[in-house]
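Asks: The structure is given below, and queries will be raised subsequently.
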2 protein chains.
Amino acid sequence: MQQTKIILDEREMPRQWYNVLPDLPEPLAPPLDPETKKPIDPQKISAIFPMSLIEQEMSDKRWIDIPEPLMEIYTLYRPSPLVRARRLEQAIGTRAKIYYKDESVSPAGSHKPNTAVAQAYYNKIEGVKRLATETGAGQWGTALSFACKMFGMGCTVYMVRCSYDQKPYRGIMIRAYGAEVFPSPSDRTRVGRLVLERDPQSGGSLGLAISEAVEDAAANPDTKYALGSVLNHVILHQTIAGQEVKKQLHMVGDDPDVLIGCVGGGSNFAGLILPYIPEKLEGKKIRLMAVEPQACPTITKGRFAYDYGDMAKQTPLIKMYTLGHGYFPPPIHAGGLRYHGEAPIVSHLAKLGLVEARAYFQNEVFDAAKLFLQTEGFLPAPETAHAIKAAIDTAKEAEPGQVIVFLYSGHGLLDLSSYDAYLKGELKDQAFTSEEIEQSLAECPQV
Amino acid sequence: MQQTKIILDEREMPRQWYNVLPDLPEPLAPPLDPETKKPIDPQKISAIFPMSLIEQEMSDKRWIDIPEPLMEIYTLYRPSPLVRARRLEQAIGTRAKIYYKDESVSPAGSHKPNTAVAQAYYNKIEGVKRLATETGAGQWGTALSFACKMFGMGCTVYMVRCSYDQKPYRGIMIRAYGAEVFPSPSDRTRVGRLVLERDPQSGGSLGLAISEAVEDAAANPDTKYALGSVLNHVILHQTIAGQEVKKQLHMVGDDPDVLIGCVGGGSNFAGLILPYIPEKLEGKKIRLMAVEPQACPTITKGRFAYDYGDMAKQTPLIKMYTLGHGYFPPPIHAGGLRYHGEAPIVSHLAKLGLVEARAYFQNEVFDAAKLFLQTEGFLPAPETAHAIKAAIDTAKEAEPGQVIVFLYSGHGLLDLSSYDAYLKGELKDQAFTSEEIEQSLAECPQV
């Protein structure tokens with residue numbers, strides 16, 4: 001019988017996160033204060049983030065120890081399996097090897113808990129009693145609710161109202177973990193009340209939900225804010241996945257030729273590829289492939305520039321690939337990939353030519369999801385299906401024996417209504433024109 | 001760091017199922033033909049089941065080889081983890097050890113694929129092109145759809161109409177696997193049309209859906225019928241789980257004192273406990289605990305008697321614990337436990353005093369589910385939560401060091417509306433009176 005799942009023993013789980021910052025051939029451009037256009041003063045963000053995470057955000061240490069209490073929570077679901085997708089290989093007739101790193105096995109069903117539990121832990125030891133955050137489709141809100149409960153902390157989630165109404169299951173799960181969840185705009189914050197006064201029926205937006213969570217954290221001394229992607233420390237925590245992949249491939253004597261992940265903010269992709277950056281810089285031939293939706297083609301069609309991280313222009317300016325902070329992507333079903341920007345680290349690597357990117361329309365992505373489901377058995381999240389599509393296309397063109405690894409970032413069990421629309425042929429393939437993207441990019445701030 | 005998950009290597013996966021029939025101290029009472037009241041002629045059921053499964057149903061071989069193509073499908077998700085629930089132990093202050101065998105990791109999210117893929121395989125090699133089945137809440141229909149797709153077979157699922165309308169996600173998943181799903185009553189069968197003529201708005205019932213699936217199979221030469229629990233061959237296929245538990249406990253030097261599973265038809269519970277029956281018969285002190293809802297207390301309040309397996313009186317008569325084939329349980333959220341009978345093997349063991357049973361109300365069961373979620377992180381199915389409740393109660397009374405193992409039969413990600421009702425305090429704790437149960441039992445046939 002051929003081996004299907006490569007399982008790492010708990011005792012072999014990585015005990016440090018890998019920080020790519022000291023290994024970058026050129027340093028990252030610093031985040032800027034939007035008023036002064038000068039590098040931001042760390043003290044200025046200490047009202048919403050704990051000092052230990054701010055330190056990680058700009059650390060020059062290559063390896064950062066994972067604290068023991070955190071390892072204990074990780075072992076609830078880690079190490080995660082690396083799986084050889086033999087039936088998928090057969091179905092597409094490739095002689096390349098396709099592996100997927102299954103991060104859907106976490107309690108929240110995605111890779112998000114890798115950083116959620118870390119962020120909860122560091123806040124906890126600095127005396128924070130409660131975390132506030134935003135969530136769009138609900139994946140991040142679920143992960144942070146789980147994480148806060150594991151460390152006995154309170155958690156408040158501002159969930160974009162149209163998602164809150166359309167996807168009630170995520171809200172229920174957040175509440176079952178003991179967290180509070182409010183549709184945003186809410187009457188709990190000044191900014192929420194302002195919007196409600198103008199439009200009591202407002203469906204909200206991710207940018208607005210961020211503003212509510214940040215205001216909540218800034219206004220309450222025992223409360224901080226948590227973000228699920230984009231930032232350096234978030235990406236740092238995700239590197240446990242890529243390190244496990246290294247060990248797992250080593251167990252079967254394979255070496256990767258291509259690493260693939262979908263990108264919204266970029267954290268699952270970065271978690272997979274960063275541990276391979278030192279080898280790539282030393283000349284190893286390995287392709288690092290970021291996959292995005294045609295509806296939100298940040299790397300493939302955006303600009304590398306300073307921009308705001310949110311629509312409401314409340315964040316520092318960060319240098320990244322962006323479609324403009326006012327870009328409002330067409331309503332595709334991969335909600336987690338509808339972000340106008342891209343993690344600075346991933347953007348930087350793409351700008352340096354170390355990371356390549358490609359973009360797909362959603363119907364071809366769901367075709368790939370269906371093929372995966374009907375061969376490997378498991379139902380992928382629409383976001384994850386972008387990576388599957390790229391893995392299939394890459395495998396079809398690959399030499400025999402080449403090793404392709406993609407990150408299976410989450411399951412689709414709470415996305416079945418999207419599959420329903422796909423199966424009924426109701427999904428539209430939408431993309432903005434170059435002119436429309438140029439128009440959105442024109443709003444980027446002058447630095 | 002203490003070990004949390006006990007992982008069996010794929011190469012250590014059991015290669016045979018364990019058949020308890022030859023080891024029973026007294027033989028099972030045979031199924032009877034309802035007309036003649038004599039043991040049923042195997043030929044009479046060969047129109048709806050393949051001969052290899054009919055042979056397994058009455059086999060006297062202790063070990064039955066698992067065919068290689070089936071092992072390959074099993075390795076998509078097996079061996080499943082055995083997990084030490086340390087955080088749950090701490091929360092309830094027990095010094096006993098609690099383990100759970102996690103069968104929720106399958107593509108369908110429950111233990112059901114263990115038999116679904118076996119049934120699909122044996123039908124396939126006998127030339128069957130399509131399987132027909134019924135499903136209530138949708139768990140079994142999902143598992144069989146997955147299994148049929150793995151072997152390139154067609155699959156038709158008759159889903160009780162009220163579930164079909166209330167729980168659309170399961171239907172979508174069945175369709176995504178490439179199977180057909182029809183609300184029952186449907187106009188595809190004689191019996192379905194009869195019911196629709198009388199009541200076009202009929203919400204259907206599991207008994208009726210069985211009748212439609214059986215009629216479909218009997219009427220089409222290339223089609224057979226598949227059942228998800230109760231029968232001996234179904235339970236045989238589930239014994240892979242209990243055998244894995246044995247190996248996994250051995251890896252950590254533990255020996256079980258109590259084995260616990262929820263029971264509807266009884267297959268997940270039987271899969272866990274049967275491999276321990278020979279030791280128990282040799283005098284080993286081990287408690288085997290079946291857990292049922294107070295709303296459907298088959299073993300705790302039913303009668304050991306010959307009865308029909310379905311409400312429509314179409315099946316052979318089987319000797320089992322029953323509440324009467326006309327028993328219609330109150331509408332609890334653990335839909336998979338709402339069955340009036342109990343697998344003959346489990347019933348027989350209970351009658352012999354080898355299996356004990358207890359029953360719980362649904363609010364206390366959801367309390368246990370919430371505690372599990374908030375300590376171990378994962379969301380259990382309402383059915384599974386019955387086993388969790390019993391494990392918690394047992395651990396609280398246990399001696400230090402005692403080993404309690406329960407079967408985690410499925411996740412609750414498609415049951416979040418039930419959690420919503422629970423969190424809102426809307427769940428009712430219902431049970432029928434002894435008089436009402438007596439009345440239902442009076443309808444059991446005279447044999």
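How things are named: the first chain in the structure tokens is A, the next is B, and so on; residues count from 1 in each chain; ligands count from 1 in the order shown.
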Can you pull out every residue within 12 Å of region 16-25 of chain A, counting only C-alpha atoms, but drop anything in the same chain fewer than 3 positions away, and send it as a PDB file with C-alpha atoms, in the first residue's frame?
Replies:
ATOM      1  CA  GLU A  12       8.777  16.844  16.150  1.00  0.00           C
ATOM      2  CA  MET A  13       6.593  19.947  16.004  1.00  0.00           C
ATOM      3  CA  LEU A  28      11.240  46.169   4.164  1.00  0.00           C
ATOM      4  CA  ALA A  29      10.075  49.745   3.737  1.00  0.00           C
ATOM      5  CA  PRO A  30       8.862  50.899   7.179  1.00  0.00           C
ATOM      6  CA  GLU A  55       8.539  43.765  19.043  1.00  0.00           C
ATOM      7  CA  GLN A  56       7.877  40.704  16.884  1.00  0.00           C
ATOM      8  CA  GLU A  57       6.587  43.010  14.149  1.00  0.00           C
ATOM      9  CA  MET A  58      10.038  44.555  13.737  1.00  0.00           C
ATOM     10  CA  SER A  59      12.305  41.901  15.250  1.00  0.00           C
ATOM     11  CA  ASP A  60      15.716  41.133  13.762  1.00  0.00           C
ATOM     12  CA  LYS A  61      15.908  37.723  15.460  1.00  0.00           C
ATOM     13  CA  ARG A  62      15.797  34.902  12.912  1.00  0.00           C
ATOM     14  CA  TRP A  63      14.142  32.400  15.281  1.00  0.00           C
ATOM     15  CA  ILE A  64      11.553  33.204  17.930  1.00  0.00           C
ATOM     16  CA  ASP A  65      10.674  30.610  20.579  1.00  0.00           C
ATOM     17  CA  ILE A  66       7.094  29.400  20.762  1.00  0.00           C
ATOM     18  CA  PRO A  67       6.110  29.585  24.455  1.00  0.00           C
ATOM     19  CA  GLU A  68       5.166  26.304  26.137  1.00  0.00           C
ATOM     20  CA  LEU A  70       1.055  28.015  23.305  1.00  0.00           C
ATOM     21  CA  MET A  71       2.584  24.714  22.205  1.00  0.00           C
ATOM     22  CA  ASN A 114      -1.969  29.572  14.268  1.00  0.00           C
ATOM     23  CA  THR A 115      -1.759  33.304  14.872  1.00  0.00           C
ATOM     24  CA  ALA A 118      -0.369  33.351  19.657  1.00  0.00           C
ATOM     25  CA  ASN A 232       4.661  40.777   9.994  1.00  0.00           C
ATOM     26  CA  HIS A 233       3.936  39.189  13.363  1.00  0.00           C
ATOM     27  CA  VAL A 234       0.832  37.448  11.997  1.00  0.00           C
ATOM     28  CA  ILE A 235       2.881  35.985   9.178  1.00  0.00           C
ATOM     29  CA  LEU A 236       5.620  34.995  11.596  1.00  0.00           C
ATOM     30  CA  HIS A 237       3.145  32.780  13.503  1.00  0.00           C
ATOM     31  CA  GLN A 238       2.063  31.076  10.288  1.00  0.00           C
ATOM     32  CA  THR A 239       5.602  29.875   9.520  1.00  0.00           C
ATOM     33  CA  ILE A 240       4.994  26.820  11.692  1.00  0.00           C
ATOM     34  CA  ALA A 241       3.128  25.317   8.714  1.00  0.00           C
ATOM     35  CA  GLY A 242       5.977  25.703   6.227  1.00  0.00           C
ATOM     36  CA  GLN A 243       8.492  24.365   8.718  1.00  0.00           C
ATOM     37  CA  GLU A 244       6.344  21.283   9.229  1.00  0.00           C
ATOM     38  CA  ALA A 270       3.690  33.325   3.524  1.00  0.00           C
ATOM     39  CA  GLY A 271       3.515  30.679   6.265  1.00  0.00           C
ATOM     40  CA  LEU A 272       4.190  28.018   3.655  1.00  0.00           C
ATOM     41  CA  ILE A 273       6.948  29.690   1.638  1.00  0.00           C
ATOM     42  CA  LEU A 274       9.011  31.768   4.066  1.00  0.00           C
ATOM     43  CA  PRO A 275      10.954  28.840   5.550  1.00  0.00           C
ATOM     44  CA  TYR A 276      12.190  28.156   1.993  1.00  0.00           C
ATOM     45  CA  ILE A 277      13.417  31.711   1.332  1.00  0.00           C
ATOM     46  CA  PRO A 278      16.968  31.178   2.654  1.00  0.00           C
ATOM     47  CA  GLU A 279      17.441  28.205   0.272  1.00  0.00           C
ATOM     48  CA  LYS A 280      15.959  30.151  -2.611  1.00  0.00           C
ATOM     49  CA  LEU A 281      18.337  33.036  -1.924  1.00  0.00           C
ATOM     50  CA  GLU A 282      21.198  30.529  -1.974  1.00  0.00           C
ATOM     51  CA  PRO A 344       4.261  43.884   3.005  1.00  0.00           C
ATOM     52  CA  ILE A 345       6.516  40.836   3.263  1.00  0.00           C
ATOM     53  CA  VAL A 346       4.773  39.023   0.413  1.00  0.00           C
ATOM     54  CA  HIS A 348       8.347  42.835  -1.079  1.00  0.00           C
ATOM     55  CA  LEU A 349       9.235  39.282  -2.175  1.00  0.00           C
ATOM     56  CA  LYS A 351       8.704  42.984  -6.100  1.00  0.00           C
ATOM     57  CA  LEU A 352      12.134  41.333  -5.760  1.00  0.00           C
ATOM     58  CA  GLY A 353      11.033  38.623  -8.192  1.00  0.00           C
ATOM     59  CA  LEU A 354      11.205  35.845  -5.604  1.00  0.00           C
TER      60      LEU A 354
END
Asks: At most 6 Å is the cut-off: for each residue in chain B with any atom that close to an atom of chain A, write down the nearest atom pair and the distance in Å rounded to one decimal, counting only C-alpha atoms, chain first then increasing number, as CSV.
Replies:
residue,atom,partner,partner_atom,distance
B:Pro107,CA,A:Phe378,CA,4.9
B:Tyr169,CA,A:Leu416,CA,5.8
B:Ile172,CA,A:Asp420,CA,5.9
B:Tyr177,CA,A:Gln374,CA,5.8
B:Gln374,CA,A:Tyr177,CA,5.8
B:Gly377,CA,A:Pro107,CA,5.4
B:Phe378,CA,A:Pro107,CA,4.9
B:Leu416,CA,A:Tyr169,CA,5.8
B:Asp420,CA,A:Ile172,CA,5.8
Asks: Restrict the selected residues to N, CA, C and O atoms and save them as a PDB file, in the first residue's frame.
Replies:
ATOM      1  N   PRO B 107     -14.127  12.592   5.207  1.00  0.00           N
ATOM      2  CA  PRO B 107     -14.678  13.614   4.302  1.00  0.00           C
ATOM      3  C   PRO B 107     -16.130  13.961   4.618  1.00  0.00           C
ATOM      4  O   PRO B 107     -16.527  15.117   4.505  1.00  0.00           O
ATOM      5  N   TYR B 169     -27.880  22.494   3.424  1.00  0.00           N
ATOM      6  CA  TYR B 169     -26.440  22.289   3.222  1.00  0.00           C
ATOM      7  C   TYR B 169     -26.084  20.843   2.911  1.00  0.00           C
ATOM      8  O   TYR B 169     -25.220  20.570   2.089  1.00  0.00           O
ATOM      9  N   ILE B 172     -26.823  20.040  -0.679  1.00  0.00           N
ATOM     10  CA  ILE B 172     -25.844  20.640  -1.593  1.00  0.00           C
ATOM     11  C   ILE B 172     -24.575  19.788  -1.630  1.00  0.00           C
ATOM     12  O   ILE B 172     -24.000  19.527  -2.683  1.00  0.00           O
ATOM     13  N   TYR B 177     -20.949  16.000  -4.576  1.00  0.00           N
ATOM     14  CA  TYR B 177     -20.278  14.714  -4.800  1.00  0.00           C
ATOM     15  C   TYR B 177     -20.753  14.054  -6.098  1.00  0.00           C
ATOM     16  O   TYR B 177     -20.287  12.965  -6.442  1.00  0.00           O
ATOM     17  N   GLN B 374     -15.461  24.457  24.455  1.00  0.00           N
ATOM     18  CA  GLN B 374     -14.716  25.548  25.087  1.00  0.00           C
ATOM     19  C   GLN B 374     -13.430  25.084  25.778  1.00  0.00           C
ATOM     20  O   GLN B 374     -12.645  25.908  26.228  1.00  0.00           O
ATOM     21  N   GLY B 377     -11.861  22.657  21.991  1.00  0.00           N
ATOM     22  CA  GLY B 377     -11.838  23.496  20.797  1.00  0.00           C
ATOM     23  C   GLY B 377     -12.755  23.079  19.667  1.00  0.00           C
ATOM     24  O   GLY B 377     -13.116  23.897  18.848  1.00  0.00           O
ATOM     25  N   PHE B 378     -13.106  21.804  19.616  1.00  0.00           N
ATOM     26  CA  PHE B 378     -13.867  21.284  18.467  1.00  0.00           C
ATOM     27  C   PHE B 378     -15.369  21.218  18.754  1.00  0.00           C
ATOM     28  O   PHE B 378     -15.782  20.960  19.882  1.00  0.00           O
ATOM     29  N   LEU B 416     -25.165  23.835  13.269  1.00  0.00           N
ATOM     30  CA  LEU B 416     -25.050  25.070  14.052  1.00  0.00           C
ATOM     31  C   LEU B 416     -26.407  25.680  14.382  1.00  0.00           C
ATOM     32  O   LEU B 416     -26.533  26.391  15.391  1.00  0.00           O
ATOM     33  N   ASP B 420     -27.621  27.203  17.939  1.00  0.00           N
ATOM     34  CA  ASP B 420     -28.288  28.504  18.065  1.00  0.00           C
ATOM     35  C   ASP B 420     -29.510  28.369  18.980  1.00  0.00           C
ATOM     36  O   ASP B 420     -29.684  29.158  19.921  1.00  0.00           O
TER      37      ASP B 420
END
Asks: Would you please extract all alpha helix (DSSP H) residues from region 172-405 of chain A, as assigned by DSSP on the backbone, and give them as a count of residues only?
Replies: 103
Asks: Just give me the gap between CA of Gln294 (chain B) and CA of Ile404 (chain B) in Å, one decimal is fine.
Replies: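 These two atoms are separated by 22.6 Å.
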Asks: Please identify the strand (DSSP E or B) residues within region 202-389 of chain B (assignment by DSSP from backbone atoms) and present them as a VMD selection string.
Replies: chain B and resid 223 to 225 258 to 262 287 to 293 303 to 308 317 to 322 356 to 360 380
Asks: Quick one: residues within 9 Å of Glu438 (chain A), only C-alpha atoms counted, chain neighbours fewer than 4 positions away excluded, as an MDAnalysis selection string?
Replies: chainID A and resid 302 323:324 433:434 442
Asks: Name the residues in contact with Leu259 (chain B) at a cut-off of 6 Å, using only C-alpha atoms, excluding same-chain residues fewer than 5 positions from it; report them as a PyMOL selection string.
Replies: chain B and resi 288+405-406
Asks: Quote the spacing between CA of Pro183 (chain B) and CA of Pro113 (chain B) in Å to one decimal place.
Replies: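 The value is 22.1 Å.
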Asks: State, in Å with one decimal place, the distance from CA of Ser267 (chain B) to CA of Tyr158 (chain B).
Replies: 21.0 Å
Asks: Would you list the contacts of Trp140 (chain B) as a list in words, taking every protein, DNA or RNA residue within 7 Å and counting only C-alpha atoms, but skipping same-chain residues closer than 3 positions in sequence?
Replies: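 Residues meeting the cut-off are Lys112, Thr135, Ala143, Leu144 and Gly228 of chain B.
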Asks: Produce a file of the selected residues containing C-alpha atoms, as an mmCIF file, in the first residue's frame.
Replies:
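File produced: result-v9.cif:
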data_model
loop_
_atom_site.group_PDB
_atom_site.id
_atom_site.type_symbol
_atom_site.label_atom_id
_atom_site.label_comp_id
_atom_site.auth_asym_id
_atom_site.auth_seq_id
_atom_site.Cartn_x
_atom_site.Cartn_y
_atom_site.Cartn_z
ATOM 1 C CA LYS B 112 -20.410 6.639 8.337
ATOM 2 C CA THR B 135 -31.284 9.861 4.572
ATOM 3 C CA ALA B 143 -21.256 9.443 3.285
ATOM 4 C CA LEU B 144 -22.744 7.205 0.596
ATOM 5 C CA GLY B 228 -26.139 3.075 7.131
#
Asks: What's the 7 Å shell around Pro380 (chain B), counting only C-alpha atoms, without same-chain residues fewer than 2 positions away, as a PyMOL selection string?
Replies: chain B and resi 369+378+382+384-385+410-412
Asks: Give the answer as one residue: which of A:Met320, A:Ile392, A:Val355, A:Leu249 has the shortest atom-to-atom distance to Phe269 (chain A), using only C-alpha atoms?
Replies: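 Smallest separation from Phe269 (chain A) among the options: A:Val355.
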Asks: Of the residues B:Ile260, B:Leu32, B:Ala132, B:Cys155, which is the one nearest to Thr394 (chain B), using only C-alpha atoms?
Replies: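 Of B:Ile260, B:Leu32, B:Ala132, B:Cys155, the one nearest Thr394 (chain B) is B:Ile260, counting only C-alpha atoms.
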Asks: Quick one: everything within 7 Å of Arg287 (chain A), counting only C-alpha atoms, minus sequence neighbours fewer than 2 positions away in the same chain. Send it as a list in words.
Replies: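 Here the qualifying residues turn out to be Asp257, Val258, Leu259, Lys285 and Met289 of chain A.
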